[in-house]
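Structure file input_20.txt; described as compact mmCIF, C-alpha atoms and all ligand atoms.
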```
# COMPACT_ATOMS: atom_id res chain seq x y z
CA MET A 1 -10.56 9.12 2.51
CA GLN A 2 -12.29 10.45 5.62
CA ILE A 3 -10.57 10.96 8.93
CA SER A 4 -12.25 11.73 12.23
CA MET A 5 -10.67 12.14 15.64
CA ASP A 6 -11.81 12.00 19.26
CA ILE A 7 -9.96 12.54 22.49
CA ILE A 8 -10.66 10.25 25.45
CA ASN A 9 -8.40 11.05 28.41
CA ASP A 10 -4.83 10.76 27.10
CA ASN A 11 -5.88 8.87 24.01
CA LEU A 12 -6.26 10.15 20.49
CA ILE A 13 -8.83 7.98 18.74
CA VAL A 14 -8.37 8.16 14.98
CA THR A 15 -10.99 6.68 12.69
CA LEU A 16 -10.08 6.22 9.03
CA LYS A 17 -12.64 5.52 6.33
CA GLY A 18 -12.07 4.78 2.65
CA GLU A 19 -8.76 4.02 0.95
CA LEU A 20 -5.39 4.55 2.61
CA ASP A 21 -2.61 4.85 0.02
CA HIS A 22 0.29 7.19 -0.73
CA HIS A 23 -2.07 9.89 -1.95
CA THR A 24 -4.32 9.92 1.13
CA SER A 25 -1.74 9.09 3.80
CA GLU A 26 -0.04 12.50 3.63
CA ASP A 27 -3.16 14.34 4.82
CA ALA A 28 -3.86 11.71 7.46
CA ARG A 29 -0.33 12.08 8.83
CA LYS A 30 -0.59 15.87 9.11
CA SER A 31 -4.03 15.81 10.78
CA ILE A 32 -3.07 13.11 13.29
CA ASP A 33 0.23 14.74 14.28
CA GLN A 34 -1.43 18.12 14.67
CA GLN A 35 -4.09 16.82 17.08
CA TYR A 36 -1.63 14.63 18.97
CA TYR A 37 0.89 17.38 19.72
CA LYS A 38 -1.55 20.25 20.12
CA ASN A 39 -3.39 18.40 22.89
CA ASN A 40 -0.30 16.88 24.51
CA LEU A 41 -1.67 13.37 24.20
CA LEU A 42 0.03 10.11 25.10
CA ASN A 43 -1.56 7.24 23.19
CA ILE A 44 -2.98 6.76 19.72
CA VAL A 45 -5.70 4.28 18.84
CA LEU A 46 -6.01 3.86 15.09
CA ASP A 47 -9.33 2.44 13.97
CA LEU A 48 -8.90 0.84 10.52
CA ARG A 49 -12.27 -0.92 10.38
CA GLY A 50 -13.68 1.57 7.87
CA LEU A 51 -10.84 1.09 5.36
CA SER A 52 -11.64 -0.65 2.10
CA PHE A 53 -7.99 -0.53 0.95
CA MET A 54 -4.53 -0.17 2.45
CA ASP A 55 -1.06 -0.63 0.96
CA SER A 56 2.46 -0.13 2.32
CA SER A 57 1.83 3.61 2.66
CA GLY A 58 -0.43 2.64 5.55
CA ILE A 59 2.42 0.74 7.15
CA GLY A 60 4.60 3.85 6.87
CA LEU A 61 1.86 5.95 8.46
CA ILE A 62 1.40 3.54 11.36
CA MET A 63 5.15 3.12 11.90
CA GLY A 64 5.69 6.87 12.01
CA ARG A 65 2.88 7.46 14.55
CA TYR A 66 4.20 4.53 16.62
CA LYS A 67 7.61 6.23 16.84
CA ASN A 68 5.99 9.49 17.92
CA CYS A 69 4.05 7.71 20.67
CA LYS A 70 7.15 5.94 21.92
CA GLU A 71 9.03 9.25 22.07
CA GLU A 72 6.27 10.60 24.30
CA ARG A 73 6.32 7.36 26.32
CA GLY A 74 2.86 6.49 25.13
CA ASN A 75 1.40 3.52 23.29
CA MET A 76 -0.09 2.88 19.94
CA SER A 77 -2.79 0.34 19.22
CA ILE A 78 -4.86 -0.67 16.24
CA VAL A 79 -8.49 -1.63 15.81
CA SER A 80 -8.99 -3.90 12.82
CA THR A 81 -11.26 -6.75 11.80
CA SER A 82 -10.33 -7.09 8.12
CA PRO A 83 -8.33 -10.16 7.05
CA SER A 84 -6.67 -8.36 4.11
CA ILE A 85 -5.46 -5.47 6.27
CA ASP A 86 -4.34 -7.87 8.99
CA ARG A 87 -2.25 -9.70 6.40
CA ILE A 88 -0.31 -6.53 5.56
CA LEU A 89 0.09 -5.63 9.23
CA LYS A 90 1.52 -9.05 9.95
CA MET A 91 3.87 -9.02 6.95
CA SER A 92 5.34 -5.70 8.05
CA GLY A 93 6.13 -6.90 11.57
CA LEU A 94 3.87 -4.23 13.09
CA LEU A 95 1.99 -6.84 15.09
CA LYS A 96 5.14 -7.43 17.12
CA LEU A 97 5.21 -3.77 18.13
CA MET A 98 1.56 -3.10 18.92
CA ASP A 99 -1.68 -4.84 19.79
CA VAL A 100 -4.69 -5.20 17.54
CA TYR A 101 -8.17 -5.07 19.07
CA SER A 102 -11.60 -5.69 17.63
CA ASN A 103 -13.12 -2.53 19.13
CA ILE A 104 -12.12 0.82 20.59
CA ASP A 105 -13.25 0.13 24.17
CA GLU A 106 -10.88 -2.80 24.46
CA ALA A 107 -8.03 -0.81 22.95
CA ILE A 108 -8.47 1.97 25.51
CA LYS A 109 -8.93 -0.34 28.47
CA ASP A 110 -5.48 -1.91 28.06
CA MET B 1 -10.25 -17.57 -21.44
CA GLU B 2 -9.34 -16.04 -24.79
CA LYS B 3 -6.37 -13.68 -24.64
CA ASN B 4 -7.26 -10.11 -23.80
CA TYR B 5 -5.06 -7.03 -23.45
CA MET B 6 -5.27 -3.49 -22.05
CA LYS B 7 -2.94 -0.53 -21.82
CA LEU B 8 -3.17 2.61 -19.72
CA GLU B 9 -0.95 5.69 -19.61
CA PHE B 10 -1.23 8.48 -17.09
CA SER B 11 0.69 11.35 -15.49
CA SER B 12 2.82 10.55 -12.46
CA LYS B 13 0.40 12.10 -9.98
CA SER B 14 -0.51 10.45 -6.71
CA SER B 15 -4.20 11.05 -7.39
CA ASN B 16 -3.90 8.49 -10.22
CA GLU B 17 -2.88 5.67 -7.88
CA SER B 18 -6.46 4.69 -7.08
CA PHE B 19 -7.47 5.17 -10.72
CA ALA B 20 -4.78 2.71 -11.87
CA ARG B 21 -5.63 -0.04 -9.39
CA VAL B 22 -9.37 0.25 -10.03
CA VAL B 23 -8.87 -0.04 -13.81
CA VAL B 24 -6.70 -3.15 -13.51
CA ALA B 25 -9.10 -4.72 -11.00
CA ALA B 26 -12.06 -4.06 -13.31
CA PHE B 27 -10.16 -5.67 -16.21
CA ALA B 28 -9.22 -8.67 -14.03
CA SER B 29 -12.80 -9.22 -12.95
CA GLN B 30 -13.42 -11.00 -16.28
CA LEU B 31 -11.58 -13.93 -14.71
CA ASP B 32 -14.14 -14.11 -11.93
CA PRO B 33 -11.58 -13.64 -9.14
CA THR B 34 -12.36 -13.99 -5.45
CA LEU B 35 -12.48 -10.82 -3.35
CA GLU B 36 -9.12 -11.75 -1.88
CA GLU B 37 -7.54 -12.18 -5.31
CA LEU B 38 -8.91 -8.81 -6.41
CA SER B 39 -7.58 -7.14 -3.29
CA ASP B 40 -4.15 -8.73 -3.90
CA ILE B 41 -4.03 -7.32 -7.44
CA LYS B 42 -5.14 -3.85 -6.34
CA THR B 43 -2.50 -3.74 -3.65
CA ALA B 44 0.31 -4.94 -5.92
CA VAL B 45 -0.61 -2.42 -8.64
CA SER B 46 -0.79 0.34 -6.07
CA GLU B 47 2.72 -0.51 -4.82
CA ALA B 48 4.31 -0.48 -8.27
CA VAL B 49 2.54 2.69 -9.41
CA THR B 50 3.40 4.48 -6.17
CA ASN B 51 7.03 3.47 -6.61
CA ALA B 52 7.08 4.91 -10.14
CA ILE B 53 5.76 8.23 -8.81
CA ILE B 54 7.85 8.53 -5.64
CA HIS B 55 11.11 6.86 -6.66
CA GLY B 56 11.09 6.70 -10.47
CA TYR B 57 10.09 10.32 -11.08
CA GLU B 58 10.76 11.59 -7.53
CA TYR B 59 7.48 13.52 -7.61
CA GLY B 60 8.40 15.17 -10.91
CA GLU B 61 6.59 15.01 -14.20
CA GLY B 62 6.47 11.77 -16.10
CA VAL B 63 4.26 9.12 -17.58
CA VAL B 64 3.42 5.79 -15.96
CA LEU B 65 2.52 2.93 -18.27
CA VAL B 66 0.33 0.05 -17.10
CA GLU B 67 -0.38 -2.97 -19.27
CA ALA B 68 -2.35 -6.09 -18.43
CA THR B 69 -2.85 -9.31 -20.34
CA ILE B 70 -5.32 -12.01 -19.43
CA GLU B 71 -4.68 -15.51 -20.70
CA ASN B 72 -6.28 -18.73 -19.49
CA ASN B 73 -6.69 -18.27 -15.76
CA SER B 74 -3.90 -15.77 -15.14
CA ILE B 75 -3.21 -12.08 -15.49
CA GLU B 76 0.14 -10.53 -16.33
CA ILE B 77 0.58 -6.92 -15.23
CA ILE B 78 3.43 -4.67 -16.39
CA ILE B 79 4.08 -1.30 -14.78
CA GLN B 80 6.76 0.91 -16.29
CA ASP B 81 8.31 4.31 -15.78
CA ASN B 82 11.04 6.22 -17.62
CA GLY B 83 12.47 7.56 -14.41
CA LYS B 84 15.76 7.37 -12.58
CA GLY B 85 16.04 3.58 -12.38
CA ILE B 86 17.37 1.28 -9.65
CA ASP B 87 21.08 0.57 -9.38
CA ASP B 88 20.95 -2.43 -7.04
CA ILE B 89 17.73 -4.37 -7.63
CA ASP B 90 18.52 -7.16 -5.15
CA LYS B 91 19.03 -4.67 -2.38
CA ALA B 92 15.92 -2.68 -3.37
CA MET B 93 13.83 -5.84 -3.11
CA GLU B 94 14.95 -6.71 0.40
CA PRO B 95 12.19 -6.35 2.99
CA PHE B 96 12.42 -3.04 4.88
CA TYR B 97 14.97 -1.51 2.50
CA THR B 98 13.99 2.01 1.48
CA SER B 99 16.02 4.83 -0.03
CA LYS B 100 13.50 7.33 1.40
CA PRO B 101 13.08 6.66 5.15
CA ASP B 102 12.59 10.40 5.71
CA LEU B 103 9.33 10.18 3.76
CA GLU B 104 8.02 7.49 6.14
CA ARG B 105 8.33 4.77 3.54
CA SER B 106 8.53 1.35 5.14
CA GLY B 107 10.45 -0.50 2.44
CA MET B 108 7.72 -3.12 2.13
CA GLY B 109 6.44 -2.43 -1.40
CA PHE B 110 8.34 -5.14 -3.26
CA THR B 111 7.69 -7.60 -0.42
CA VAL B 112 3.96 -6.92 -0.72
CA MET B 113 4.08 -7.45 -4.52
CA GLU B 114 6.06 -10.67 -4.08
CA THR B 115 3.67 -12.03 -1.44
CA PHE B 116 0.42 -11.09 -3.15
CA MET B 117 1.36 -12.14 -6.68
CA ASP B 118 2.66 -15.47 -8.03
CA GLU B 119 5.55 -14.02 -10.04
CA LEU B 120 7.52 -10.78 -9.80
CA VAL B 121 10.35 -9.70 -12.10
CA VAL B 122 11.99 -6.30 -11.90
CA GLU B 123 14.15 -4.85 -14.68
CA SER B 124 15.78 -1.48 -14.39
CA ASN B 125 18.32 0.77 -16.05
CA ILE B 126 19.84 3.83 -14.47
CA GLU B 127 18.42 7.02 -16.00
CA LYS B 128 16.23 4.93 -18.32
CA GLY B 129 13.58 3.58 -16.02
CA THR B 130 12.06 0.58 -14.32
CA LYS B 131 9.77 -2.21 -15.47
CA VAL B 132 7.88 -4.39 -13.02
CA ARG B 133 6.25 -7.54 -14.35
CA MET B 134 3.85 -9.48 -12.15
CA VAL B 135 1.68 -12.52 -12.73
CA LYS B 136 -1.28 -13.75 -10.72
CA LYS B 137 -2.89 -17.11 -11.29
CA PHE B 138 -6.53 -17.35 -10.32
CA LYS B 139 -7.79 -20.36 -8.47
CA SER B 140 -11.25 -20.30 -9.99
CA LEU B 141 -11.16 -21.57 -13.55
CA PRO B 142 -12.89 -19.20 -15.96
CA TYR B 143 -16.22 -20.13 -17.39
CA GLU B 144 -15.79 -22.21 -20.55
CA GLU B 145 -17.76 -21.03 -23.53
N1 LIG A 201 10.14 2.63 -10.00
C1 LIG A 201 11.24 2.82 -9.27
N2 LIG A 201 12.23 3.66 -9.69
C2 LIG A 201 13.34 3.87 -8.96
N3 LIG A 201 13.59 3.27 -7.77
C3 LIG A 201 12.67 2.41 -7.30
C4 LIG A 201 11.45 2.13 -8.02
N4 LIG A 201 10.73 1.24 -7.29
C5 LIG A 201 11.44 0.98 -6.20
N5 LIG A 201 12.62 1.66 -6.17
C6 LIG A 201 13.66 1.59 -5.13
O1 LIG A 201 13.47 0.40 -4.38
C7 LIG A 201 13.30 0.69 -3.00
C8 LIG A 201 12.36 -0.31 -2.35
O2 LIG A 201 11.04 -0.17 -2.89
P1 LIG A 201 9.80 -0.63 -1.98
O3 LIG A 201 8.55 -0.34 -2.69
O4 LIG A 201 10.02 -2.04 -1.54
O5 LIG A 201 9.94 0.28 -0.68
P2 LIG A 201 9.62 1.84 -0.55
O6 LIG A 201 8.85 2.33 -1.71
O7 LIG A 201 10.89 2.55 -0.23
O8 LIG A 201 8.67 1.86 0.74
P3 LIG A 201 7.11 1.47 0.75
O9 LIG A 201 6.79 0.82 -0.55
O10 LIG A 201 6.97 0.51 1.89
O11 LIG A 201 6.40 2.73 0.98
C9 LIG A 201 12.83 2.12 -2.96
O12 LIG A 201 13.11 2.75 -1.73
C10 LIG A 201 13.60 2.74 -4.13
O13 LIG A 201 14.92 3.05 -3.75
MG MG A 202 7.21 1.33 -2.44
```
Take the structure from the file and write it as structure tokens.
Ligand SMILES: Nc1ncnc2c1ncn2[C@@H]1O[C@H](COP(=O)(O)OP(=O)(O)OP(=O)(O)O)[C@@H](O)[C@H]1O
Ligand SMILES: [Mg+2]
Amino acid sequence: MQISMDIINDNLIVTLKGELDHHTSEDARKSIDQQYYKNNLLNIVLDLRGLSFMDSSGIGLIMGRYKNCKEERGNMSIVSTSPSIDRILKMSGLLKLMDVYSNIDEAIKD
Amino acid sequence: MEKNYMKLEFSSKSSNESFARVVVAAFASQLDPTLEELSDIKTAVSEAVTNAIIHGYEYGEGVVLVEATIENNSIEIIIQDNGKGIDDIDKAMEPFYTSKPDLERSGMGFTVMETFMDELVVESNIEKGTKVRMVKKFKSLPYEE
């Protein structure tokens, strides 16, 4: 899996590409947390559009980052356009906690 | 489709999670599944294999066994470990229940397997291991020869 990160104002934009499972989520978690705390950021935008696979390890990753954002009084949002990933997000109740956008600009604007 | 069977054994390493789901998906593709059906199978296999590694063997050494049988228009998948076992299966299968919240597990694995597959049966014995049996029926009937 590939992970790339950008900072726009108080937002950490995280772009994930490839397969997000138990094996790959550990590295993603460490990299995201490191950037988030090192730069004193508020919000996280997680772009999942490049993922070809995600299981419940992805839910754990999102849930954990959501808690971190809430602790810092920030927000977490997701960018996704894949029906199969949206199905898992819905099943896990994550959609009640955060908004899903179809692109990064919209996610930042809100 | 004529009955067909496969068996795969591998070390309980997280790097084998993608290997396991790709093998089962490739085997299942004989049934001409839709992309959604293939993605369902991959996700369910990934959940069960990950559970064997994290919970069954608790990151220790062990062997995970994956078997799949195709018959007519369905696939039966069995995923087994010889790990620590589950003492309360009903509780383990409840949505959001996890024995490892500190590891950022969400407790959704069994719920995902149940939702994405047509049948799910879990058998387990303490200190002996866990066996997960899942069946998926494909909508598209296989090509008749
Ligand atoms: N193979 C196994 N061996 C021993 N215990 C297991 C096994 N599979 C599942 N369990 C137990 O059942 C619980 C629920 O499993 P489930 O997959 O639903 O959630 P999880 O693995 O804790 O979290 P997630 O799958 O969302 O990352 C686990 O926390 C664990 O206690
Ligand atoms: Mg699990």
Exercise for the section: Please check which protein, DNA or RNA residues sit within 7 Å of ligand LIG 201 (chain A), counting all atoms listed in the file, and write them as a ChimeraX atom specification. Expected result: /A:56-57,59-60 /B:47-48,51-52,55-56,81,83-86,92-93,95-100,105-111,129-130
Problem - Best match for closeness to chain B among A:Leu61, A:Leu51, A:Met76, A:Ala107, counting all atoms listed in the file - result: A:Leu61
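Candidate residues A:Val45, A:Ile104, A:Met1, A:Ile32 were compared for distance to chain B, and the nearest is A:Met1, using only C-alpha atoms.
Among the candidate residues A:Gly64, A:Gly18, A:Pro83, A:Gly74, the one lying nearest to Ser52 of chain A is A:Gly18, with distances computed using only C-alpha atoms.
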Practice task
Compute the set of chain A residues within 12 Å of chain B, using all atoms listed in the file, and express it as a ChimeraX atom specification.
Solution key: /A:1,18-26,29,52-67,82-85,87-94
Practice task
Please indicate the distance in Å from atom CA of Val24 of chain B to atom CA of Ile41 of chain B, rounded to one decimal place.
Solution key: 7.8 Å
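You will find atom CA of Lys136 of chain B at 8.4 Å from atom CA of Glu37 of chain B.
Nearest residue to Glu61 of chain B, choosing from B:Lys139, B:Arg21, B:Ser12, B:Ser124 and counting all atoms listed in the file: B:Ser12.
Distances to Ile3 of chain A were evaluated for A:Gly50, A:Lys70, A:Lys109, A:Val79 using only C-alpha atoms, and the minimum falls at A:Gly50.
With atom CA of Val14 of chain A on one side and atom CA of Leu46 of chain A on the other, the separation reads 4.9 Å.
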